[in-house]
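K.L.:
Contents of entry23.txt (compact mmCIF, C-alpha atoms) are below:
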```
# COMPACT_ATOMS: atom_id res chain seq x y z
CA ILE A 13 12.71 -18.91 38.88
CA LEU A 14 14.84 -17.24 41.49
CA ASP A 15 11.70 -16.50 43.51
CA ASP A 16 10.26 -20.02 43.41
CA PRO A 17 9.88 -21.34 47.02
CA ASP A 18 10.60 -24.95 45.96
CA LEU A 19 14.01 -23.95 44.67
CA LYS A 20 15.14 -21.63 47.45
CA ASP A 21 17.51 -24.17 48.92
CA ILE A 22 19.63 -24.35 45.82
CA ASP A 23 22.52 -21.99 45.16
CA PRO A 24 21.27 -19.25 42.77
CA THR A 25 24.32 -19.52 40.53
CA VAL A 26 23.72 -23.22 40.01
CA LEU A 27 20.07 -22.42 39.31
CA LYS A 28 21.04 -19.91 36.66
CA HIS A 29 23.37 -22.39 35.03
CA CYS A 30 20.67 -25.03 34.97
CA HIS A 31 18.16 -22.63 33.50
CA ALA A 32 20.59 -21.47 30.82
CA ALA A 33 21.54 -25.03 29.97
CA ALA A 34 17.95 -26.15 29.70
CA ALA A 35 17.03 -23.12 27.59
CA THR A 36 19.95 -23.66 25.22
CA CYS A 37 19.10 -27.31 24.85
CA ILE A 38 15.46 -26.56 24.10
CA LEU A 39 16.25 -23.81 21.60
CA GLU A 40 18.80 -25.92 19.74
CA ALA A 41 16.36 -28.81 19.57
CA GLY A 42 13.67 -26.48 18.30
CA LYS A 43 15.94 -24.82 15.73
CA GLN A 44 17.04 -28.14 14.28
CA LYS A 45 13.53 -29.56 14.51
CA ALA A 46 14.97 -32.53 16.33
CA ASP A 47 12.74 -35.51 16.97
CA ILE A 48 12.32 -37.27 20.33
CA SER A 49 14.86 -40.01 19.65
CA ALA A 50 17.56 -37.50 18.81
CA ILE A 51 16.85 -35.53 21.97
CA SER A 52 16.81 -38.67 24.13
CA ALA A 53 20.10 -39.82 22.65
CA CYS A 54 21.65 -36.45 23.34
CA LEU A 55 20.40 -36.40 26.95
CA GLU A 56 21.64 -39.98 27.49
CA ASP A 57 25.08 -38.85 26.45
CA CYS A 58 24.79 -36.22 29.18
CA LYS A 59 24.23 -39.01 31.69
CA LEU A 60 20.66 -38.10 32.62
CA ASP A 61 18.59 -40.99 33.98
CA LYS A 62 15.68 -42.47 32.05
CA GLU A 63 12.95 -40.93 34.15
CA ARG A 64 14.27 -37.40 33.71
CA ILE A 65 14.75 -37.88 29.99
CA GLU A 66 11.16 -39.05 29.65
CA GLN A 67 9.81 -36.06 31.61
CA PHE A 68 11.85 -33.61 29.57
CA CYS A 69 10.72 -35.15 26.29
CA THR A 70 7.06 -35.15 27.28
CA GLU A 71 7.18 -31.48 28.21
CA TYR A 72 9.09 -30.71 25.02
CA GLN A 73 6.50 -32.46 22.87
CA LYS A 74 3.70 -30.49 24.50
CA ASN A 75 5.30 -27.16 23.66
CA LYS A 76 7.06 -28.04 20.41
CA ASP A 77 4.57 -26.36 18.08
CA ALA A 78 4.47 -23.12 20.03
CA LEU A 79 8.27 -23.11 20.10
CA GLU A 80 8.50 -23.55 16.35
CA ILE A 81 6.08 -20.71 15.72
CA LEU A 82 8.08 -18.44 18.00
CA LEU A 83 11.41 -19.32 16.39
CA GLY A 84 9.95 -18.90 12.93
CA SER A 85 8.78 -15.40 13.69
CA ILE A 86 12.23 -14.17 14.67
CA GLY A 87 14.11 -12.52 11.87
CA ARG A 88 14.05 -9.59 9.53
CA SER A 89 11.68 -9.18 6.65
CA PRO A 90 10.38 -6.30 4.59
CA LEU A 91 7.42 -4.42 6.03
CA HIS A 92 4.54 -6.82 6.23
CA ILE A 93 1.11 -5.88 4.92
CA THR A 94 -1.62 -6.89 7.34
CA ASP A 95 -4.72 -5.20 6.00
CA VAL A 96 -6.05 -2.68 3.52
CA SER A 97 -8.54 0.16 3.88
CA TRP A 98 -10.02 2.07 1.01
CA ARG A 99 -12.13 5.15 0.46
CA LEU A 100 -14.04 6.07 -2.65
CA GLU A 101 -14.55 9.76 -3.30
CA TYR A 102 -16.05 11.80 -6.06
CA GLN A 103 -14.18 15.01 -6.71
CA ILE A 104 -16.31 17.91 -7.81
CA LYS A 105 -14.14 20.94 -7.33
CA SER A 106 -10.83 22.34 -6.14
CA ASN A 107 -9.70 25.92 -5.79
CA GLN A 108 -7.57 25.48 -8.91
CA LEU A 109 -10.06 23.64 -11.00
CA HIS A 110 -13.84 23.57 -10.92
CA LYS A 111 -16.23 20.94 -12.22
CA THR A 112 -13.78 18.07 -12.10
CA TYR A 113 -16.32 15.24 -11.57
CA GLN A 114 -13.92 12.39 -11.16
CA PRO A 115 -14.09 9.37 -8.92
CA SER A 116 -10.91 8.57 -7.05
CA TYR A 117 -9.86 5.93 -4.59
CA LEU A 118 -7.73 6.43 -1.52
CA VAL A 119 -6.07 3.18 -0.49
CA THR A 120 -4.18 2.61 2.74
CA LEU A 121 -2.10 -0.52 3.25
CA ASN A 122 -1.78 -1.25 6.95
CA VAL A 123 1.77 -2.31 7.49
CA GLU A 124 3.48 -3.92 10.44
CA ASN A 125 7.16 -3.66 11.17
CA SER A 126 8.33 -6.77 13.00
CA ASP A 127 11.33 -4.96 14.47
CA SER A 128 9.91 -1.93 16.16
CA GLY A 129 6.24 -2.84 16.17
CA SER A 130 5.53 0.50 14.56
CA HIS A 131 2.87 0.94 11.92
CA PRO A 132 4.19 2.99 9.01
CA ASP A 133 1.09 2.71 6.82
CA VAL A 134 1.37 3.30 3.10
CA SER A 135 -1.33 5.49 1.60
CA PHE A 136 -1.86 6.46 -1.99
CA SER A 137 -4.57 7.65 -4.32
CA CYS A 138 -5.52 6.10 -7.62
CA THR A 139 -8.08 6.26 -10.38
CA MET A 140 -10.43 3.43 -11.16
CA GLU A 141 -8.21 2.25 -14.02
CA GLN A 142 -5.15 2.26 -11.79
CA LEU A 143 -6.97 0.30 -9.11
CA GLN A 144 -8.03 -2.22 -11.74
CA ASP A 145 -4.40 -2.52 -12.79
CA LEU A 146 -3.35 -3.04 -9.18
CA VAL A 147 -5.98 -5.68 -8.52
CA GLY A 148 -5.15 -7.42 -11.80
CA LYS A 149 -1.52 -7.72 -10.81
CA LEU A 150 -2.39 -9.01 -7.34
CA LYS A 151 -4.65 -11.61 -8.93
CA ASP A 152 -1.78 -12.71 -11.18
CA ALA A 153 0.34 -13.22 -8.08
CA ALA A 154 -2.42 -15.23 -6.42
CA LYS A 155 -2.84 -17.41 -9.52
CA SER A 156 0.89 -18.05 -9.56
CA LEU A 157 0.74 -19.04 -5.92
CA GLU A 158 -2.04 -21.50 -6.66
CA ARG A 159 -0.11 -23.04 -9.52
CA ALA A 160 3.00 -23.31 -7.35
CA THR A 161 1.13 -25.18 -4.64
CA GLN A 162 -0.11 -27.70 -7.15
CA MET A 163 3.34 -28.57 -8.42
CA LYS B 29 8.44 43.46 -34.25
CA LEU B 30 5.13 44.46 -32.67
CA ASN B 31 6.17 48.08 -32.29
CA VAL B 32 4.72 48.49 -28.84
CA GLY B 33 6.36 48.93 -25.44
CA VAL B 34 7.54 45.99 -23.34
CA ASP B 35 4.97 46.79 -20.68
CA THR B 36 2.13 46.60 -23.13
CA VAL B 37 3.25 43.20 -24.34
CA GLN B 38 3.62 41.97 -20.79
CA HIS B 39 0.15 43.20 -19.84
CA GLY B 40 -1.24 41.63 -22.96
CA VAL B 41 0.27 38.26 -22.15
CA GLU B 42 -0.84 38.44 -18.54
CA GLY B 43 -4.35 39.40 -19.59
CA LEU B 44 -4.59 36.53 -22.03
CA THR B 45 -3.24 34.12 -19.46
CA TYR B 46 -5.75 35.22 -16.88
CA LEU B 47 -8.59 35.01 -19.38
CA LEU B 48 -7.69 31.51 -20.45
CA THR B 49 -6.98 30.07 -17.02
CA GLU B 50 -10.13 31.48 -15.43
CA SER B 51 -12.32 30.36 -18.31
CA SER B 52 -10.79 26.90 -18.36
CA LYS B 53 -10.96 26.57 -14.59
CA LEU B 54 -14.65 27.37 -14.55
CA MET B 55 -15.26 25.41 -17.71
CA ILE B 56 -17.60 28.10 -19.01
CA SER B 57 -19.69 27.52 -22.07
CA GLU B 58 -19.09 29.20 -25.43
CA ALA B 59 -22.00 31.56 -24.92
CA ASP B 60 -20.78 32.65 -21.50
CA PHE B 61 -17.27 33.18 -22.86
CA GLN B 62 -18.54 35.33 -25.69
CA ASP B 63 -20.68 37.38 -23.34
CA SER B 64 -17.76 37.93 -21.02
CA ILE B 65 -15.34 39.20 -23.64
CA HIS B 66 -17.97 41.25 -25.37
CA VAL B 67 -17.71 43.89 -22.63
CA LEU B 68 -14.06 44.42 -23.50
CA GLY B 69 -15.14 46.08 -26.72
CA PHE B 70 -12.91 44.23 -29.16
CA SER B 71 -13.76 43.66 -32.81
CA ASP B 72 -15.90 40.66 -33.77
CA GLU B 73 -12.97 39.03 -35.54
CA LEU B 74 -10.83 39.31 -32.41
CA ASN B 75 -13.64 37.88 -30.29
CA LYS B 76 -13.91 34.90 -32.62
CA LEU B 77 -10.15 34.34 -32.40
CA LEU B 78 -10.24 34.49 -28.64
CA LEU B 79 -13.11 32.01 -28.49
CA GLN B 80 -11.22 29.62 -30.74
CA LEU B 81 -8.11 30.00 -28.62
CA TYR B 82 -10.13 29.18 -25.53
CA LEU B 83 -11.75 26.08 -27.03
CA ASP B 84 -8.52 24.76 -28.51
CA ASN B 85 -6.51 25.03 -25.33
CA ARG B 86 -9.12 24.40 -22.68
CA LYS B 87 -8.35 20.74 -22.18
CA GLU B 88 -4.63 21.24 -21.82
CA VAL B 89 -5.01 24.15 -19.44
CA ARG B 90 -7.37 22.10 -17.29
CA SER B 91 -4.97 19.18 -17.10
CA ILE B 92 -2.18 21.51 -16.01
CA LEU B 93 -4.41 23.14 -13.40
CA GLY B 94 -5.33 19.66 -12.22
CA GLU B 95 -1.72 19.09 -11.21
CA LEU B 96 -1.93 21.96 -8.74
CA THR B 97 -4.56 20.42 -6.48
CA PRO B 98 -3.50 18.96 -3.12
CA LYS B 99 -2.47 15.40 -3.66
CA LEU B 100 -1.39 12.25 -1.97
CA PRO B 101 1.20 9.98 -3.52
CA SER B 102 -0.46 8.31 -6.45
CA TYR B 103 -0.20 4.81 -7.72
CA HIS B 104 2.17 4.18 -10.57
CA ASN B 105 2.95 0.48 -10.78
CA LEU B 106 3.20 -2.74 -8.83
CA GLU B 107 5.70 -5.56 -9.23
CA TRP B 108 5.43 -8.82 -7.35
CA ARG B 109 7.49 -11.90 -6.62
CA LEU B 110 6.79 -15.23 -4.96
CA ASP B 111 9.25 -16.32 -2.29
CA VAL B 112 9.48 -19.36 -0.08
CA GLN B 113 11.56 -19.10 3.06
CA LEU B 114 13.34 -22.38 3.68
CA ALA B 115 15.41 -21.61 6.78
CA SER B 116 16.53 -18.82 9.03
CA ARG B 117 19.12 -18.33 11.69
CA SER B 118 16.61 -19.27 14.39
CA LEU B 119 14.73 -22.08 12.65
CA ARG B 120 15.77 -24.64 10.06
CA GLN B 121 13.61 -26.66 7.71
CA GLN B 122 10.84 -24.20 7.08
CA ILE B 123 8.42 -23.81 4.23
CA LYS B 124 7.09 -20.31 4.51
CA PRO B 125 5.55 -18.83 1.35
CA ALA B 126 5.44 -15.07 0.97
CA VAL B 127 4.64 -12.56 -1.73
CA THR B 128 7.12 -9.70 -2.06
CA ILE B 129 5.74 -6.58 -3.63
CA LYS B 130 7.40 -3.45 -5.03
CA LEU B 131 4.97 -0.58 -5.03
CA HIS B 132 5.85 2.37 -7.27
CA LEU B 133 4.28 5.65 -6.31
CA ASN B 134 4.49 9.18 -7.69
CA GLN B 135 4.54 12.24 -5.54
CA HIS B 136 5.32 15.74 -6.79
CA GLU B 137 7.27 14.36 -9.73
CA ASP B 138 9.38 12.06 -7.56
CA GLN B 139 8.97 8.36 -7.99
CA THR B 140 9.32 6.23 -4.93
CA ALA B 141 9.45 2.47 -4.77
CA GLN B 142 8.61 0.66 -1.59
CA VAL B 143 9.23 -3.01 -0.91
CA LEU B 144 6.52 -4.75 1.05
CA GLN B 145 5.67 -8.31 1.85
CA THR B 146 2.56 -10.28 2.58
CA ASP B 147 1.46 -13.86 3.13
CA PRO B 148 -0.89 -15.80 0.84
CA SER B 149 -4.01 -15.46 2.98
CA THR B 150 -3.57 -11.70 3.37
CA LEU B 151 -3.05 -11.44 -0.37
CA LEU B 152 -6.42 -13.08 -1.01
CA HIS B 153 -8.00 -10.79 1.57
CA LEU B 154 -6.48 -7.73 -0.15
CA ILE B 155 -7.82 -8.85 -3.51
CA GLN B 156 -11.30 -9.40 -2.11
CA GLN B 157 -11.39 -6.01 -0.38
CA LEU B 158 -10.13 -4.09 -3.40
CA GLU B 159 -12.54 -5.84 -5.73
CA GLN B 160 -15.32 -4.72 -3.43
CA ALA B 161 -13.95 -1.19 -3.72
CA LEU B 162 -14.04 -1.37 -7.50
CA GLY B 163 -17.59 -2.63 -7.41
CA GLU B 164 -18.79 0.38 -5.45
CA MET B 165 -18.79 2.71 -8.44
CA LYS B 166 -21.31 0.47 -10.12
CA THR B 167 -23.83 0.51 -7.28
CA ASN B 168 -27.05 2.44 -7.63
CA HIS B 169 -26.04 4.84 -4.89
CA CYS B 170 -22.91 5.98 -6.68
CA ARG B 171 -24.57 6.06 -10.07
CA ARG B 172 -27.31 8.31 -8.73
CA ILE B 173 -24.82 10.74 -7.26
CA VAL B 174 -22.75 10.87 -10.43
CA ARG B 175 -25.88 11.56 -12.45
CA ASN B 176 -27.11 14.31 -10.16
CA MET B 177 -23.82 16.06 -9.76
CA LYS B 178 -23.39 17.07 -13.37
```
As structure tokens - that is how I would like this structure written.
P.N.:
Amino acid sequence: ILDDPDLKDIDPTVLKHCHAAAATCILEAGKQKADISAISACLEDCKLDKERIEQFCTEYQKNKDALEILLGSIGRSPLHITDVSWRLEYQIKSNQLHKTYQPSYLVTLNVENSDSGSHPDVSFSCTMEQLQDLVGKLKDAAKSLERATQM
Amino acid sequence: KLNVGVDTVQHGVEGLTYLLTESSKLMISEADFQDSIHVLGFSDELNKLLLQLYLDNRKEVRSILGELTPKLPSYHNLEWRLDVQLASRSLRQQIKPAVTIKLHLNQHEDQTAQVLQTDPSTLLHLIQQLEQALGEMKTNHCRRIVRNMK
């Protein structure tokens, strides 16, 4: 904003104040999910003229959804699972034990950390029975979700 | 009680241990076992006893040896919980469903529990992917390999 040629005649301090004020107003409106009438009323109290209020509100409406998504994504949460990879292997031998002949799954849960953007993936191995147990439990959770949405 | 020196007893135990672990590790057949100990020149009765000892304990020895292989953390249990986020410091009036999961894993006799979270659509994706994984063992390709590897 400080580099914008249209604004170069205005005192930079005033510009910063305006920018901060506008940003605060927009963020508060977004946080409270305020509707247009509430925003207009608030701006009227600040003695802005009708034309400016209308312009502000139109711009706000255009970007409201994007703003809400952005605000909603701020905040802490446990590590978020984004994807899963799996590998099926058939063990035949190890140096400690020959002729094992057992299938085994290697599952990796791709995890995203909203704070640092790092990816501390969780990997583990399991037998077929254990994987069936895992999937069964996940399906229970999904069924519960479905029932909850129908309430 | 046995009237022999300590060293002899120790060697005896070590010898037996080696015999049992090697035989169990290789999963040798009865005939092979008998042939192997025959060269030691023991009495027939002793050979029979040894064979019985091998067959009785083979399974247990193998499961213990199985613990020694290189391993990744293994699955133990999964607990889940449905949450709906209604508001946060930066945004009020939300309805954000999430599934919180506690994954219990075992590694080297330690149990760890990790708390993870996912959204409904990812949950369905996970289920679909893992069901595909389970289905793989039943495909012709895998069945053929399992058959031919024995």
K.L.:
Listing only residues of chain B within 8 Å of chain A, what is the closest atom pair and its distance in Å (to one decimal) for each, using only C-alpha atoms, sorted by chain and residue number ascending, as CSV?
P.N.:
```
residue,atom,partner,partner_atom,distance
B:Lys53,CA,A:Leu109,CA,4.7
B:Leu54,CA,A:His110,CA,5.3
B:Met55,CA,A:Lys111,CA,7.1
B:Arg90,CA,A:Leu109,CA,7.0
B:Leu93,CA,A:Gln108,CA,6.0
B:Gly94,CA,A:Leu109,CA,6.3
B:Leu96,CA,A:Gln108,CA,6.7
B:Thr97,CA,A:Gln108,CA,6.4
B:Leu100,CA,A:Phe136,CA,5.8
B:Pro101,CA,A:Phe136,CA,4.9
B:Ser102,CA,A:Ser137,CA,4.7
B:Tyr103,CA,A:Cys138,CA,5.5
B:His104,CA,A:Gln142,CA,7.7
B:Asn105,CA,A:Leu146,CA,7.4
B:Leu106,CA,A:Leu146,CA,6.6
B:Glu107,CA,A:Lys149,CA,7.7
B:Trp108,CA,A:Ala153,CA,6.8
B:Arg109,CA,A:Ala153,CA,7.4
B:Leu110,CA,A:Leu157,CA,7.2
B:Ser116,CA,A:Gly87,CA,7.3
B:Arg117,CA,A:Gly87,CA,7.7
B:Ser118,CA,A:Leu83,CA,5.6
B:Leu119,CA,A:Lys43,CA,4.3
B:Arg120,CA,A:Gln44,CA,5.6
B:Gln121,CA,A:Lys45,CA,7.4
B:Gln122,CA,A:Gly84,CA,7.9
B:Val127,CA,A:Ala153,CA,7.7
B:Leu133,CA,A:Phe136,CA,7.6
B:Val143,CA,A:Pro90,CA,6.5
B:Leu144,CA,A:Leu91,CA,5.1
B:Gln145,CA,A:His92,CA,4.8
B:Thr146,CA,A:Ile93,CA,5.2
B:Pro148,CA,A:Ala154,CA,7.4
B:Thr150,CA,A:Thr94,CA,6.5
B:Leu151,CA,A:Ala154,CA,7.2
B:Leu152,CA,A:Ala154,CA,7.1
B:His153,CA,A:Asp95,CA,7.9
B:Leu154,CA,A:Val96,CA,6.3
B:Ile155,CA,A:Val147,CA,6.2
B:Gln157,CA,A:Val96,CA,7.4
B:Leu158,CA,A:Val147,CA,6.8
B:Glu159,CA,A:Val147,CA,7.1
B:Ala161,CA,A:Trp98,CA,7.0
B:Leu162,CA,A:Met140,CA,7.0
B:Glu164,CA,A:Leu100,CA,7.9
B:Val174,CA,A:Tyr113,CA,7.9
B:Met177,CA,A:Tyr113,CA,7.8
B:Lys178,CA,A:Tyr113,CA,7.5
```
K.L.:
Calculate how many Å separate atom CA of A:His31 from atom CA of A:Leu19, rounding to one decimal.
P.N.:
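These atoms are spaced 12.0 Å apart.
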K.L.:
Where's the centre, and what are the edge lengths in Å to one decimal, of a box along x, y and z enclosing all listed atoms of stretch 47-63 of chain A padded 4 Å per side, as lines of an AutoDock Vina configuration file?
P.N.:
```
center_x = 18.7
center_y = -39.0
center_z = 25.6
size_x = 20.8
size_y = 15.0
size_z = 25.2
```
K.L.:
Which residues, written as an MDAnalysis selection string, have at least one atom at most 8 Å from B:Tyr82, with all atoms listed in the file counted and residues fewer than 4 positions away on the same chain left out?
P.N.:
chainID B and resid 48 51:52 78 86
K.L.:
Output C-alpha atoms for every residue in the selection just made, as a PDB file, in the coordinates of the input.
P.N.:
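Saved result, again34.pdb, follows:
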```
ATOM      1  CA  LEU B  48      -7.690  31.510 -20.450  1.00  0.00           C
ATOM      2  CA  SER B  51     -12.320  30.360 -18.310  1.00  0.00           C
ATOM      3  CA  SER B  52     -10.790  26.900 -18.360  1.00  0.00           C
ATOM      4  CA  LEU B  78     -10.240  34.490 -28.640  1.00  0.00           C
ATOM      5  CA  ARG B  86      -9.120  24.400 -22.680  1.00  0.00           C
TER       6      ARG B  86
END
```
K.L.:
Find the distance between atom CA of A:Asp16 and atom CA of A:Arg64 and write it in Å to one decimal.
P.N.:
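Computed distance, atom CA of A:Asp16 to atom CA of A:Arg64, equals 20.3 Å.
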K.L.:
Between atom CA of A:Cys30 and atom CA of A:Asp47, what is the spacing in Å?
P.N.:
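These atoms are spaced 22.3 Å apart.
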K.L.:
Near stretch 63-67 of chain B, within 12 Å and counting all atoms listed in the file, which residues show up once chain neighbours fewer than 6 positions away are dropped, as a tab-separated table (two decimals) with C-alpha atoms, in the coordinates of the input?
P.N.:
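Contents of selection11.tsv, freshly written:
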```
chain	number	residue	atom	x	y	z
B	43	GLY	CA	-4.35	39.40	-19.59
B	44	LEU	CA	-4.59	36.53	-22.03
B	47	LEU	CA	-8.59	35.01	-19.38
B	48	LEU	CA	-7.69	31.51	-20.45
B	50	GLU	CA	-10.13	31.48	-15.43
B	51	SER	CA	-12.32	30.36	-18.31
B	56	ILE	CA	-17.60	28.10	-19.01
B	57	SER	CA	-19.69	27.52	-22.07
B	73	GLU	CA	-12.97	39.03	-35.54
B	74	LEU	CA	-10.83	39.31	-32.41
B	75	ASN	CA	-13.64	37.88	-30.29
B	76	LYS	CA	-13.91	34.90	-32.62
B	77	LEU	CA	-10.15	34.34	-32.40
B	78	LEU	CA	-10.24	34.49	-28.64
B	79	LEU	CA	-13.11	32.01	-28.49
B	82	TYR	CA	-10.13	29.18	-25.53
```
